[in-house]
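Listing of input-v4.txt; format and content: compact mmCIF, N, CA and C atoms.
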```txt
# COMPACT_ATOMS: atom_id res chain seq x y z
N MET A 56 24.94 -1.00 10.67
CA MET A 56 26.36 -0.84 10.85
C MET A 56 26.62 -0.24 12.22
N ASP A 57 27.74 -0.65 12.76
CA ASP A 57 28.11 -0.08 14.06
C ASP A 57 28.88 1.22 13.84
N GLU A 58 29.35 1.80 14.93
CA GLU A 58 30.06 3.08 14.85
C GLU A 58 31.38 2.98 14.09
N ASN A 59 31.88 1.78 13.84
CA ASN A 59 33.10 1.57 13.06
C ASN A 59 32.82 1.16 11.63
N ASN A 60 31.57 1.35 11.19
CA ASN A 60 31.12 1.04 9.82
C ASN A 60 31.23 -0.44 9.48
N ARG A 61 31.06 -1.30 10.50
CA ARG A 61 31.03 -2.74 10.26
C ARG A 61 29.59 -3.21 10.24
N VAL A 62 29.25 -4.05 9.26
CA VAL A 62 27.92 -4.64 9.22
C VAL A 62 27.84 -5.64 10.36
N VAL A 63 26.90 -5.46 11.26
CA VAL A 63 26.78 -6.35 12.42
C VAL A 63 25.58 -7.28 12.30
N LEU A 64 24.56 -6.88 11.54
CA LEU A 64 23.37 -7.71 11.36
C LEU A 64 22.73 -7.41 10.02
N GLU A 65 22.04 -8.41 9.49
CA GLU A 65 21.22 -8.23 8.29
C GLU A 65 19.91 -8.95 8.52
N ALA A 66 18.85 -8.44 7.90
CA ALA A 66 17.54 -9.08 8.01
C ALA A 66 16.77 -8.85 6.71
N GLU A 67 15.82 -9.72 6.48
CA GLU A 67 14.98 -9.64 5.29
C GLU A 67 13.52 -9.57 5.69
N ASN A 68 12.70 -9.22 4.73
CA ASN A 68 11.25 -9.18 4.90
C ASN A 68 10.73 -10.62 4.96
N THR A 69 9.91 -10.91 5.96
CA THR A 69 9.33 -12.26 6.11
C THR A 69 7.80 -12.21 6.14
N VAL A 70 7.24 -11.15 5.59
CA VAL A 70 5.78 -11.00 5.57
C VAL A 70 5.13 -12.18 4.86
N VAL A 71 5.65 -12.54 3.70
CA VAL A 71 5.07 -13.64 2.92
C VAL A 71 5.60 -14.99 3.39
N THR A 72 6.90 -15.11 3.55
CA THR A 72 7.50 -16.42 3.84
C THR A 72 7.09 -16.97 5.20
N GLU A 73 6.85 -16.08 6.17
CA GLU A 73 6.45 -16.55 7.49
C GLU A 73 5.02 -16.15 7.84
N ARG A 74 4.32 -15.59 6.84
CA ARG A 74 2.94 -15.14 7.04
C ARG A 74 2.82 -14.28 8.29
N ASP A 75 3.70 -13.28 8.38
CA ASP A 75 3.76 -12.39 9.54
C ASP A 75 3.69 -10.96 9.05
N ILE A 76 2.56 -10.30 9.26
CA ILE A 76 2.41 -8.95 8.75
C ILE A 76 3.36 -7.95 9.40
N THR A 77 3.92 -8.31 10.54
CA THR A 77 4.91 -7.44 11.18
C THR A 77 6.34 -7.78 10.77
N GLY A 78 6.50 -8.70 9.85
CA GLY A 78 7.82 -9.18 9.48
C GLY A 78 8.54 -8.34 8.45
N HIS A 79 8.44 -7.03 8.59
CA HIS A 79 9.22 -6.17 7.70
C HIS A 79 10.71 -6.34 8.05
N ALA A 80 11.57 -6.10 7.09
CA ALA A 80 13.00 -6.28 7.32
C ALA A 80 13.48 -5.44 8.51
N GLU A 81 12.97 -4.23 8.63
CA GLU A 81 13.42 -3.35 9.71
C GLU A 81 13.01 -3.89 11.08
N THR A 82 11.77 -4.36 11.21
CA THR A 82 11.35 -4.89 12.51
C THR A 82 12.09 -6.18 12.83
N ASN A 83 12.34 -7.00 11.82
CA ASN A 83 13.12 -8.21 12.04
C ASN A 83 14.53 -7.86 12.51
N LEU A 84 15.11 -6.84 11.91
CA LEU A 84 16.45 -6.41 12.30
C LEU A 84 16.46 -5.84 13.73
N VAL A 85 15.46 -5.04 14.05
CA VAL A 85 15.38 -4.46 15.39
C VAL A 85 15.25 -5.56 16.44
N ARG A 86 14.45 -6.58 16.16
CA ARG A 86 14.32 -7.70 17.10
C ARG A 86 15.68 -8.34 17.38
N LEU A 87 16.42 -8.61 16.31
CA LEU A 87 17.75 -9.21 16.46
C LEU A 87 18.70 -8.27 17.20
N ALA A 88 18.67 -7.01 16.81
CA ALA A 88 19.62 -6.04 17.37
C ALA A 88 19.40 -5.83 18.86
N THR A 89 18.15 -5.72 19.28
CA THR A 89 17.90 -5.46 20.69
C THR A 89 18.17 -6.68 21.56
N GLN A 90 18.22 -7.85 20.97
CA GLN A 90 18.59 -9.05 21.72
C GLN A 90 20.10 -9.14 21.92
N GLN A 91 20.85 -8.51 21.03
CA GLN A 91 22.31 -8.67 21.05
C GLN A 91 23.09 -7.46 21.52
N PHE A 92 22.47 -6.28 21.48
CA PHE A 92 23.20 -5.05 21.78
C PHE A 92 22.42 -4.19 22.77
N SER A 93 23.13 -3.40 23.55
CA SER A 93 22.49 -2.50 24.50
C SER A 93 21.96 -1.27 23.77
N ALA A 94 21.08 -0.54 24.44
CA ALA A 94 20.56 0.71 23.89
C ALA A 94 21.70 1.69 23.64
N GLU A 95 22.68 1.70 24.51
CA GLU A 95 23.83 2.60 24.33
C GLU A 95 24.61 2.24 23.07
N GLN A 96 24.80 0.95 22.84
CA GLN A 96 25.50 0.54 21.62
C GLN A 96 24.67 0.89 20.38
N LEU A 97 23.37 0.61 20.44
CA LEU A 97 22.50 0.86 19.29
C LEU A 97 22.43 2.33 18.92
N ALA A 98 22.62 3.21 19.88
CA ALA A 98 22.61 4.64 19.60
C ALA A 98 23.70 5.02 18.60
N GLY A 99 24.77 4.25 18.53
CA GLY A 99 25.85 4.51 17.58
C GLY A 99 25.70 3.76 16.26
N PHE A 100 24.62 3.02 16.11
CA PHE A 100 24.41 2.20 14.92
C PHE A 100 23.58 2.93 13.87
N THR A 101 23.75 2.49 12.62
CA THR A 101 22.98 3.00 11.49
C THR A 101 22.21 1.84 10.88
N LEU A 102 20.93 2.03 10.66
CA LEU A 102 20.10 1.06 9.97
C LEU A 102 19.95 1.50 8.53
N TYR A 103 20.33 0.64 7.60
CA TYR A 103 20.20 0.92 6.17
C TYR A 103 19.01 0.13 5.64
N ALA A 104 18.17 0.80 4.85
CA ALA A 104 16.99 0.15 4.28
C ALA A 104 16.82 0.57 2.83
N SER A 105 16.31 -0.35 2.03
CA SER A 105 16.07 -0.02 0.63
C SER A 105 14.94 0.99 0.51
N THR A 106 13.99 0.94 1.44
CA THR A 106 12.81 1.80 1.39
C THR A 106 12.60 2.47 2.74
N GLU A 107 12.05 3.66 2.73
CA GLU A 107 11.79 4.39 3.96
C GLU A 107 10.99 3.53 4.93
N PRO A 108 11.41 3.44 6.17
CA PRO A 108 10.68 2.65 7.15
C PRO A 108 9.24 3.16 7.34
N CYS A 109 8.32 2.22 7.40
CA CYS A 109 6.91 2.56 7.63
C CYS A 109 6.72 3.01 9.08
N ALA A 110 5.50 3.39 9.43
CA ALA A 110 5.21 3.86 10.78
C ALA A 110 5.53 2.79 11.82
N MET A 111 5.16 1.54 11.54
CA MET A 111 5.43 0.44 12.48
C MET A 111 6.94 0.27 12.69
N CYS A 112 7.67 0.22 11.60
CA CYS A 112 9.12 0.04 11.69
C CYS A 112 9.79 1.25 12.34
N SER A 113 9.28 2.44 12.04
CA SER A 113 9.84 3.65 12.64
C SER A 113 9.68 3.62 14.16
N GLY A 114 8.53 3.16 14.63
CA GLY A 114 8.34 3.02 16.07
C GLY A 114 9.33 2.05 16.67
N ALA A 115 9.52 0.91 16.01
CA ALA A 115 10.48 -0.08 16.50
C ALA A 115 11.90 0.49 16.51
N ILE A 116 12.26 1.22 15.47
CA ILE A 116 13.59 1.83 15.40
C ILE A 116 13.75 2.85 16.54
N PHE A 117 12.73 3.66 16.74
CA PHE A 117 12.78 4.67 17.81
C PHE A 117 13.01 3.99 19.15
N TRP A 118 12.20 2.98 19.50
CA TRP A 118 12.31 2.36 20.81
C TRP A 118 13.57 1.51 20.97
N SER A 119 14.18 1.12 19.85
CA SER A 119 15.43 0.36 19.94
C SER A 119 16.62 1.24 20.29
N HIS A 120 16.49 2.55 20.05
CA HIS A 120 17.54 3.54 20.27
C HIS A 120 18.56 3.59 19.13
N ILE A 121 18.28 2.93 18.00
CA ILE A 121 19.17 3.04 16.84
C ILE A 121 19.30 4.53 16.50
N GLY A 122 20.52 4.97 16.28
CA GLY A 122 20.79 6.39 16.16
C GLY A 122 20.62 7.01 14.79
N ARG A 123 20.67 6.20 13.74
CA ARG A 123 20.59 6.78 12.40
C ARG A 123 19.92 5.81 11.46
N VAL A 124 19.14 6.36 10.52
CA VAL A 124 18.45 5.59 9.49
C VAL A 124 18.83 6.16 8.13
N VAL A 125 19.20 5.29 7.21
CA VAL A 125 19.52 5.68 5.84
C VAL A 125 18.66 4.83 4.92
N PHE A 126 17.95 5.48 3.98
CA PHE A 126 17.12 4.71 3.05
C PHE A 126 17.23 5.28 1.65
N ALA A 127 16.93 4.42 0.66
CA ALA A 127 17.06 4.81 -0.73
C ALA A 127 15.74 5.33 -1.32
N LEU A 128 14.67 4.57 -1.20
CA LEU A 128 13.40 4.89 -1.83
C LEU A 128 12.45 5.48 -0.80
N GLY A 129 11.91 6.66 -1.07
CA GLY A 129 10.99 7.30 -0.15
C GLY A 129 9.63 6.64 -0.13
N GLU A 130 8.92 6.83 0.97
CA GLU A 130 7.57 6.27 1.12
C GLU A 130 6.65 6.72 -0.01
N ASP A 131 6.75 7.98 -0.43
CA ASP A 131 5.91 8.47 -1.51
C ASP A 131 6.14 7.70 -2.79
N GLU A 132 7.39 7.38 -3.09
CA GLU A 132 7.68 6.62 -4.30
C GLU A 132 7.23 5.16 -4.18
N LEU A 133 7.31 4.61 -2.99
CA LEU A 133 6.80 3.25 -2.77
C LEU A 133 5.31 3.21 -3.09
N TYR A 134 4.56 4.20 -2.60
CA TYR A 134 3.12 4.23 -2.87
C TYR A 134 2.81 4.49 -4.33
N ASN A 135 3.71 5.14 -5.05
CA ASN A 135 3.55 5.27 -6.50
C ASN A 135 3.68 3.91 -7.18
N ILE A 136 4.55 3.05 -6.65
CA ILE A 136 4.72 1.70 -7.19
C ILE A 136 3.50 0.85 -6.88
N ILE A 137 3.04 0.91 -5.64
CA ILE A 137 1.93 0.08 -5.19
C ILE A 137 0.61 0.52 -5.78
N GLY A 138 0.40 1.82 -5.85
CA GLY A 138 -0.88 2.36 -6.30
C GLY A 138 -1.81 2.52 -5.11
N PRO A 139 -2.97 3.12 -5.34
CA PRO A 139 -3.92 3.39 -4.25
C PRO A 139 -4.38 2.11 -3.57
N SER A 140 -4.51 2.18 -2.25
CA SER A 140 -4.95 1.03 -1.47
C SER A 140 -5.48 1.52 -0.13
N PRO A 141 -6.53 0.88 0.39
CA PRO A 141 -7.00 1.24 1.72
C PRO A 141 -6.02 0.83 2.81
N GLU A 142 -5.00 0.04 2.47
CA GLU A 142 -4.00 -0.42 3.43
C GLU A 142 -2.89 0.59 3.66
N GLN A 143 -2.89 1.69 2.93
CA GLN A 143 -1.82 2.67 3.07
C GLN A 143 -1.94 3.44 4.37
N LEU A 144 -0.84 3.57 5.05
CA LEU A 144 -0.72 4.42 6.23
C LEU A 144 0.41 5.38 5.92
N ILE A 145 0.05 6.50 5.36
CA ILE A 145 1.05 7.46 4.89
C ILE A 145 1.52 8.29 6.08
N LEU A 146 2.70 7.93 6.56
CA LEU A 146 3.27 8.60 7.73
C LEU A 146 4.80 8.44 7.63
N PRO A 147 5.47 9.41 7.01
CA PRO A 147 6.92 9.32 6.84
C PRO A 147 7.65 9.11 8.16
N CYS A 148 8.78 8.44 8.11
CA CYS A 148 9.54 8.13 9.33
C CYS A 148 9.94 9.39 10.07
N ARG A 149 10.27 10.45 9.37
CA ARG A 149 10.64 11.70 10.05
C ARG A 149 9.48 12.21 10.91
N ASP A 150 8.25 12.05 10.41
CA ASP A 150 7.09 12.49 11.17
C ASP A 150 6.93 11.65 12.44
N VAL A 151 7.12 10.34 12.32
CA VAL A 151 7.02 9.47 13.50
C VAL A 151 8.08 9.88 14.51
N PHE A 152 9.32 10.01 14.06
CA PHE A 152 10.41 10.35 14.97
C PHE A 152 10.21 11.73 15.61
N SER A 153 9.58 12.66 14.89
CA SER A 153 9.43 14.03 15.41
C SER A 153 8.54 14.08 16.65
N HIS A 154 7.79 13.03 16.91
CA HIS A 154 6.91 13.00 18.07
C HIS A 154 7.56 12.32 19.27
N GLY A 155 8.80 11.95 19.14
CA GLY A 155 9.51 11.29 20.24
C GLY A 155 10.39 12.27 20.99
N GLY A 156 10.91 11.80 22.11
CA GLY A 156 11.78 12.61 22.93
C GLY A 156 13.18 12.78 22.37
N ARG A 157 13.56 11.90 21.48
CA ARG A 157 14.85 12.02 20.78
C ARG A 157 14.59 11.63 19.33
N GLN A 158 15.38 12.14 18.44
CA GLN A 158 15.14 11.89 17.02
C GLN A 158 16.35 11.25 16.37
N PRO A 159 16.19 10.02 15.88
CA PRO A 159 17.28 9.44 15.11
C PRO A 159 17.57 10.31 13.89
N GLU A 160 18.82 10.36 13.51
CA GLU A 160 19.17 11.07 12.29
C GLU A 160 18.61 10.29 11.11
N VAL A 161 18.06 10.99 10.12
CA VAL A 161 17.48 10.33 8.95
C VAL A 161 18.14 10.90 7.70
N LEU A 162 18.66 10.01 6.86
CA LEU A 162 19.23 10.39 5.56
C LEU A 162 18.46 9.62 4.49
N GLY A 163 17.86 10.34 3.59
CA GLY A 163 17.12 9.71 2.52
C GLY A 163 15.96 10.61 2.10
N PRO A 164 15.41 10.37 0.95
CA PRO A 164 15.77 9.30 0.04
C PRO A 164 17.08 9.57 -0.69
N ALA A 165 17.72 8.49 -1.11
CA ALA A 165 18.99 8.58 -1.84
C ALA A 165 18.70 8.35 -3.32
N ALA A 166 18.56 9.43 -4.05
CA ALA A 166 18.18 9.36 -5.46
C ALA A 166 19.12 8.47 -6.28
N SER A 167 20.39 8.43 -5.92
CA SER A 167 21.35 7.64 -6.68
C SER A 167 21.11 6.13 -6.54
N LEU A 168 20.35 5.73 -5.52
CA LEU A 168 20.07 4.31 -5.29
C LEU A 168 18.63 3.93 -5.59
N GLU A 169 17.83 4.88 -6.07
CA GLU A 169 16.40 4.65 -6.25
C GLU A 169 16.10 3.51 -7.22
N ILE A 170 16.80 3.42 -8.33
CA ILE A 170 16.53 2.36 -9.31
C ILE A 170 16.76 1.00 -8.68
N MET A 171 17.86 0.84 -7.99
CA MET A 171 18.15 -0.42 -7.33
C MET A 171 17.11 -0.72 -6.24
N ALA A 172 16.70 0.29 -5.51
CA ALA A 172 15.71 0.10 -4.45
C ALA A 172 14.36 -0.31 -5.02
N ARG A 173 14.00 0.21 -6.17
CA ARG A 173 12.74 -0.17 -6.81
C ARG A 173 12.73 -1.65 -7.19
N GLU A 174 13.87 -2.20 -7.51
CA GLU A 174 13.96 -3.59 -7.95
C GLU A 174 13.48 -4.58 -6.89
N VAL A 175 13.72 -4.29 -5.61
CA VAL A 175 13.30 -5.23 -4.57
C VAL A 175 11.79 -5.32 -4.47
N HIS A 176 11.09 -4.34 -5.03
CA HIS A 176 9.62 -4.35 -4.98
C HIS A 176 9.00 -4.97 -6.23
N LYS A 177 9.80 -5.19 -7.24
CA LYS A 177 9.29 -5.72 -8.50
C LYS A 177 8.69 -7.10 -8.27
N GLY A 178 7.44 -7.23 -8.58
CA GLY A 178 6.75 -8.50 -8.44
C GLY A 178 6.20 -8.79 -7.06
N PHE A 179 6.58 -8.00 -6.04
CA PHE A 179 6.11 -8.26 -4.69
C PHE A 179 4.67 -7.80 -4.50
N TRP A 180 4.34 -6.66 -5.07
CA TRP A 180 3.02 -6.05 -4.86
C TRP A 180 1.99 -6.48 -5.89
N THR A 181 2.46 -7.09 -6.99
CA THR A 181 1.56 -7.58 -8.03
C THR A 181 2.07 -8.94 -8.47
N MET A 182 1.39 -9.54 -9.37
CA MET A 182 1.82 -10.84 -9.89
C MET A 182 2.85 -10.69 -11.01
N GLU A 183 3.22 -9.45 -11.34
CA GLU A 183 4.20 -9.22 -12.39
C GLU A 183 5.58 -9.60 -11.91
N GLY A 184 6.45 -10.00 -12.82
CA GLY A 184 7.82 -10.33 -12.48
C GLY A 184 8.71 -9.26 -12.86
```

Would you mind giving the structure from this file in structure tokens?
Amino acid sequence: MDENNRVVLEAENTVVTERDITGHAETNLVRLATQQFSAEQLAGFTLYASTEPCAMCSGAIFWSHIGRVVFALGEDELYNIIGPSPEQLILPCRDVFSHGGRQPEVLGPAASLEIMAREVHKGFWTMEG
């Protein structure tokens, strides 16, 4: 959303559909946003995500200059859904941002949206529907 609370872009996860391990919804959105808006404009924007941005996405958000991130499901809860895996890189977005010269505002997790946020993961990490 821009500074006037208008949705300016939307993106989805393309990890499976495009066989792109970097195709998280957040990185896809950042790619689109940085092509269309200046860093100054992006500083007034808010990125909304169903799940806390991973370390890769957090880096992309940081370098894009997006000013605020809002998410529903925390990284810890996502890993509770997925279960143990050697693929886990447990690094909350706040930790990634804390190592930068400026810190996007972070709001989340949003407990009131957690059930809905869990639904987008149903069947993605396992063969269950």

Applying 5 Å and all atoms listed in the file, which residues near range 79-96 of chain A remain after dropping the ones on its own chain fewer than 5 positions away? List them as number ranges by chain. A: 66-69

Kindly save the residues from that selection, with N, CA and C atoms included, as a compact mmCIF listing (two decimals), in the coordinates of the input.
```
# COMPACT_ATOMS: atom_id res chain seq x y z
N ALA A 66 18.85 -8.44 7.90
CA ALA A 66 17.54 -9.08 8.01
C ALA A 66 16.77 -8.85 6.71
N GLU A 67 15.82 -9.72 6.48
CA GLU A 67 14.98 -9.64 5.29
C GLU A 67 13.52 -9.57 5.69
N ASN A 68 12.70 -9.22 4.73
CA ASN A 68 11.25 -9.18 4.90
C ASN A 68 10.73 -10.62 4.96
N THR A 69 9.91 -10.91 5.96
CA THR A 69 9.33 -12.26 6.11
C THR A 69 7.80 -12.21 6.14
```

ask   = What lies within 6 Å of range 123-132 of chain A using all atoms listed in the file, ignoring chain neighbours under 4 positions off, as a list of chain:residue names?
value = A:Ala98, A:Phe100, A:Thr101, A:Leu102, A:Tyr103, A:Ala104, A:Ser105, A:Thr106, A:Glu107, A:Ile136, A:Pro159, A:Glu160, A:Val161, A:Leu162, A:Gly163, A:Pro164, A:Ala165, A:Ala166, A:Leu168, A:Glu169, A:Ala172

Write down as number ranges by chain the residues belonging to chain A that are assigned strand (DSSP E or B) by DSSP computed on the backbone. A: 101-106, 123-128, 160-162

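Separating CA of Ile145 in chain A from CA of Met56 in chain A is a distance of 27.3 Å.
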
Residues flagged helix (DSSP H, G or I) by DSSP in chain A, as a compact mmCIF listing (two decimals) with N, CA and C atoms, in the coordinates of the input:
```txt
# COMPACT_ATOMS: atom_id res chain seq x y z
N ALA A 80 11.57 -6.10 7.09
CA ALA A 80 13.00 -6.28 7.32
C ALA A 80 13.48 -5.44 8.51
N GLU A 81 12.97 -4.23 8.63
CA GLU A 81 13.42 -3.35 9.71
C GLU A 81 13.01 -3.89 11.08
N THR A 82 11.77 -4.36 11.21
CA THR A 82 11.35 -4.89 12.51
C THR A 82 12.09 -6.18 12.83
N ASN A 83 12.34 -7.00 11.82
CA ASN A 83 13.12 -8.21 12.04
C ASN A 83 14.53 -7.86 12.51
N LEU A 84 15.11 -6.84 11.91
CA LEU A 84 16.45 -6.41 12.30
C LEU A 84 16.46 -5.84 13.73
N VAL A 85 15.46 -5.04 14.05
CA VAL A 85 15.38 -4.46 15.39
C VAL A 85 15.25 -5.56 16.44
N ARG A 86 14.45 -6.58 16.16
CA ARG A 86 14.32 -7.70 17.10
C ARG A 86 15.68 -8.34 17.38
N LEU A 87 16.42 -8.61 16.31
CA LEU A 87 17.75 -9.21 16.46
C LEU A 87 18.70 -8.27 17.20
N ALA A 88 18.67 -7.01 16.81
CA ALA A 88 19.62 -6.04 17.37
C ALA A 88 19.40 -5.83 18.86
N THR A 89 18.15 -5.72 19.28
CA THR A 89 17.90 -5.46 20.69
C THR A 89 18.17 -6.68 21.56
N GLN A 90 18.22 -7.85 20.97
CA GLN A 90 18.59 -9.05 21.72
C GLN A 90 20.10 -9.14 21.92
N GLN A 91 20.85 -8.51 21.03
CA GLN A 91 22.31 -8.67 21.05
C GLN A 91 23.09 -7.46 21.52
N ALA A 94 21.08 -0.54 24.44
CA ALA A 94 20.56 0.71 23.89
C ALA A 94 21.70 1.69 23.64
N GLU A 95 22.68 1.70 24.51
CA GLU A 95 23.83 2.60 24.33
C GLU A 95 24.61 2.24 23.07
N GLN A 96 24.80 0.95 22.84
CA GLN A 96 25.50 0.54 21.62
C GLN A 96 24.67 0.89 20.38
N LEU A 97 23.37 0.61 20.44
CA LEU A 97 22.50 0.86 19.29
C LEU A 97 22.43 2.33 18.92
N ALA A 110 5.50 3.39 9.43
CA ALA A 110 5.21 3.86 10.78
C ALA A 110 5.53 2.79 11.82
N MET A 111 5.16 1.54 11.54
CA MET A 111 5.43 0.44 12.48
C MET A 111 6.94 0.27 12.69
N CYS A 112 7.67 0.22 11.60
CA CYS A 112 9.12 0.04 11.69
C CYS A 112 9.79 1.25 12.34
N SER A 113 9.28 2.44 12.04
CA SER A 113 9.84 3.65 12.64
C SER A 113 9.68 3.62 14.16
N GLY A 114 8.53 3.16 14.63
CA GLY A 114 8.34 3.02 16.07
C GLY A 114 9.33 2.05 16.67
N ALA A 115 9.52 0.91 16.01
CA ALA A 115 10.48 -0.08 16.50
C ALA A 115 11.90 0.49 16.51
N ILE A 116 12.26 1.22 15.47
CA ILE A 116 13.59 1.83 15.40
C ILE A 116 13.75 2.85 16.54
N PHE A 117 12.73 3.66 16.74
CA PHE A 117 12.78 4.67 17.81
C PHE A 117 13.01 3.99 19.15
N TRP A 118 12.20 2.98 19.50
CA TRP A 118 12.31 2.36 20.81
C TRP A 118 13.57 1.51 20.97
N SER A 119 14.18 1.12 19.85
CA SER A 119 15.43 0.36 19.94
C SER A 119 16.62 1.24 20.29
N GLU A 130 8.92 6.83 0.97
CA GLU A 130 7.57 6.27 1.12
C GLU A 130 6.65 6.72 -0.01
N ASP A 131 6.75 7.98 -0.43
CA ASP A 131 5.91 8.47 -1.51
C ASP A 131 6.14 7.70 -2.79
N GLU A 132 7.39 7.38 -3.09
CA GLU A 132 7.68 6.62 -4.30
C GLU A 132 7.23 5.16 -4.18
N LEU A 133 7.31 4.61 -2.99
CA LEU A 133 6.80 3.25 -2.77
C LEU A 133 5.31 3.21 -3.09
N TYR A 134 4.56 4.20 -2.60
CA TYR A 134 3.12 4.23 -2.87
C TYR A 134 2.81 4.49 -4.33
N ASN A 135 3.71 5.14 -5.05
CA ASN A 135 3.55 5.27 -6.50
C ASN A 135 3.68 3.91 -7.18
N ILE A 136 4.55 3.05 -6.65
CA ILE A 136 4.72 1.70 -7.19
C ILE A 136 3.50 0.85 -6.88
N ILE A 137 3.04 0.91 -5.64
CA ILE A 137 1.93 0.08 -5.19
C ILE A 137 0.61 0.52 -5.78
N CYS A 148 8.78 8.44 8.11
CA CYS A 148 9.54 8.13 9.33
C CYS A 148 9.94 9.39 10.07
N ARG A 149 10.27 10.45 9.37
CA ARG A 149 10.64 11.70 10.05
C ARG A 149 9.48 12.21 10.91
N ASP A 150 8.25 12.05 10.41
CA ASP A 150 7.09 12.49 11.17
C ASP A 150 6.93 11.65 12.44
N VAL A 151 7.12 10.34 12.32
CA VAL A 151 7.02 9.47 13.50
C VAL A 151 8.08 9.88 14.51
N PHE A 152 9.32 10.01 14.06
CA PHE A 152 10.41 10.35 14.97
C PHE A 152 10.21 11.73 15.61
N SER A 153 9.58 12.66 14.89
CA SER A 153 9.43 14.03 15.41
C SER A 153 8.54 14.08 16.65
N ALA A 166 18.56 9.43 -4.05
CA ALA A 166 18.18 9.36 -5.46
C ALA A 166 19.12 8.47 -6.28
N SER A 167 20.39 8.43 -5.92
CA SER A 167 21.35 7.64 -6.68
C SER A 167 21.11 6.13 -6.54
N LEU A 168 20.35 5.73 -5.52
CA LEU A 168 20.07 4.31 -5.29
C LEU A 168 18.63 3.93 -5.59
N GLU A 169 17.83 4.88 -6.07
CA GLU A 169 16.40 4.65 -6.25
C GLU A 169 16.10 3.51 -7.22
N ILE A 170 16.80 3.42 -8.33
CA ILE A 170 16.53 2.36 -9.31
C ILE A 170 16.76 1.00 -8.68
N MET A 171 17.86 0.84 -7.99
CA MET A 171 18.15 -0.42 -7.33
C MET A 171 17.11 -0.72 -6.24
N ALA A 172 16.70 0.29 -5.51
CA ALA A 172 15.71 0.10 -4.45
C ALA A 172 14.36 -0.31 -5.02
N ARG A 173 14.00 0.21 -6.17
CA ARG A 173 12.74 -0.17 -6.81
C ARG A 173 12.73 -1.65 -7.19
N GLU A 174 13.87 -2.20 -7.51
CA GLU A 174 13.96 -3.59 -7.95
C GLU A 174 13.48 -4.58 -6.89
```

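Here CA of Phe117 in chain A stands at a distance of 27.5 Å from atom C of Pro139 in chain A.
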
Task: Point-to-point distance from atom C of Ser119 in chain A to CA of Leu146 in chain A, Å rounded to tenths - done: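 Calculated distance between atom C of Ser119 in chain A and CA of Leu146 in chain A is 19.8 Å.
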
Would you mind telling me which residue in A:Pro108, A:Gly155, A:Gly178, A:Gly122 lies nearest to Glu58 in chain A when using only C-alpha atoms?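 The closest residue to Glu58 in chain A is A:Gly122.
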
Spatial neighbours of Gly156 in chain A, max dist 12 Å, only C-alpha atoms, sep filter under 2 positions, as a ChimeraX atom specification:
/A:117-118,120,151-154,158-159

Subset file as an mmCIF file, in the first residue's frame: range 128-138 of chain A, N, CA, C and O atoms:
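To be explicit, this is the file written out as part24.cif:
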```cif
data_model
loop_
_atom_site.group_PDB
_atom_site.id
_atom_site.type_symbol
_atom_site.label_atom_id
_atom_site.label_comp_id
_atom_site.auth_asym_id
_atom_site.auth_seq_id
_atom_site.Cartn_x
_atom_site.Cartn_y
_atom_site.Cartn_z
ATOM 1 N N LEU A 128 1.383 -14.232 10.310
ATOM 2 C CA LEU A 128 1.932 -15.439 10.924
ATOM 3 C C LEU A 128 3.433 -15.279 11.125
ATOM 4 O O LEU A 128 4.156 -14.990 10.165
ATOM 5 N N GLY A 129 3.907 -15.468 12.344
ATOM 6 C CA GLY A 129 5.325 -15.340 12.630
ATOM 7 C C GLY A 129 6.135 -16.501 12.093
ATOM 8 O O GLY A 129 5.617 -17.608 11.878
ATOM 9 N N GLU A 130 7.413 -16.258 11.883
ATOM 10 C CA GLU A 130 8.329 -17.291 11.386
ATOM 11 C C GLU A 130 8.317 -18.522 12.290
ATOM 12 O O GLU A 130 8.333 -19.655 11.799
ATOM 13 N N ASP A 131 8.269 -18.318 13.608
ATOM 14 C CA ASP A 131 8.252 -19.447 14.526
ATOM 15 C C ASP A 131 7.041 -20.335 14.301
ATOM 16 O O ASP A 131 7.142 -21.566 14.314
ATOM 17 N N GLU A 132 5.890 -19.738 14.050
ATOM 18 C CA GLU A 132 4.684 -20.529 13.797
ATOM 19 C C GLU A 132 4.743 -21.224 12.438
ATOM 20 O O GLU A 132 4.246 -22.331 12.279
ATOM 21 N N LEU A 133 5.350 -20.584 11.459
ATOM 22 C CA LEU A 133 5.533 -21.236 10.163
ATOM 23 C C LEU A 133 6.355 -22.503 10.332
ATOM 24 O O LEU A 133 6.009 -23.558 9.802
ATOM 25 N N TYR A 134 7.446 -22.423 11.098
ATOM 26 C CA TYR A 134 8.279 -23.607 11.306
ATOM 27 C C TYR A 134 7.573 -24.665 12.135
ATOM 28 O O TYR A 134 7.869 -25.851 12.015
ATOM 29 N N ASN A 135 6.613 -24.280 12.961
ATOM 30 C CA ASN A 135 5.782 -25.269 13.645
ATOM 31 C C ASN A 135 4.911 -26.025 12.648
ATOM 32 O O ASN A 135 4.652 -27.209 12.817
ATOM 33 N N ILE A 136 4.451 -25.342 11.605
ATOM 34 C CA ILE A 136 3.647 -25.983 10.561
ATOM 35 C C ILE A 136 4.515 -26.917 9.732
ATOM 36 O O ILE A 136 4.151 -28.061 9.460
ATOM 37 N N ILE A 137 5.684 -26.438 9.333
ATOM 38 C CA ILE A 137 6.565 -27.202 8.451
ATOM 39 C C ILE A 137 7.204 -28.378 9.165
ATOM 40 O O ILE A 137 7.355 -29.453 8.601
ATOM 41 N N GLY A 138 7.602 -28.169 10.404
ATOM 42 C CA GLY A 138 8.330 -29.193 11.142
ATOM 43 C C GLY A 138 9.822 -29.062 10.884
ATOM 44 O O GLY A 138 10.262 -28.270 10.043
#
```
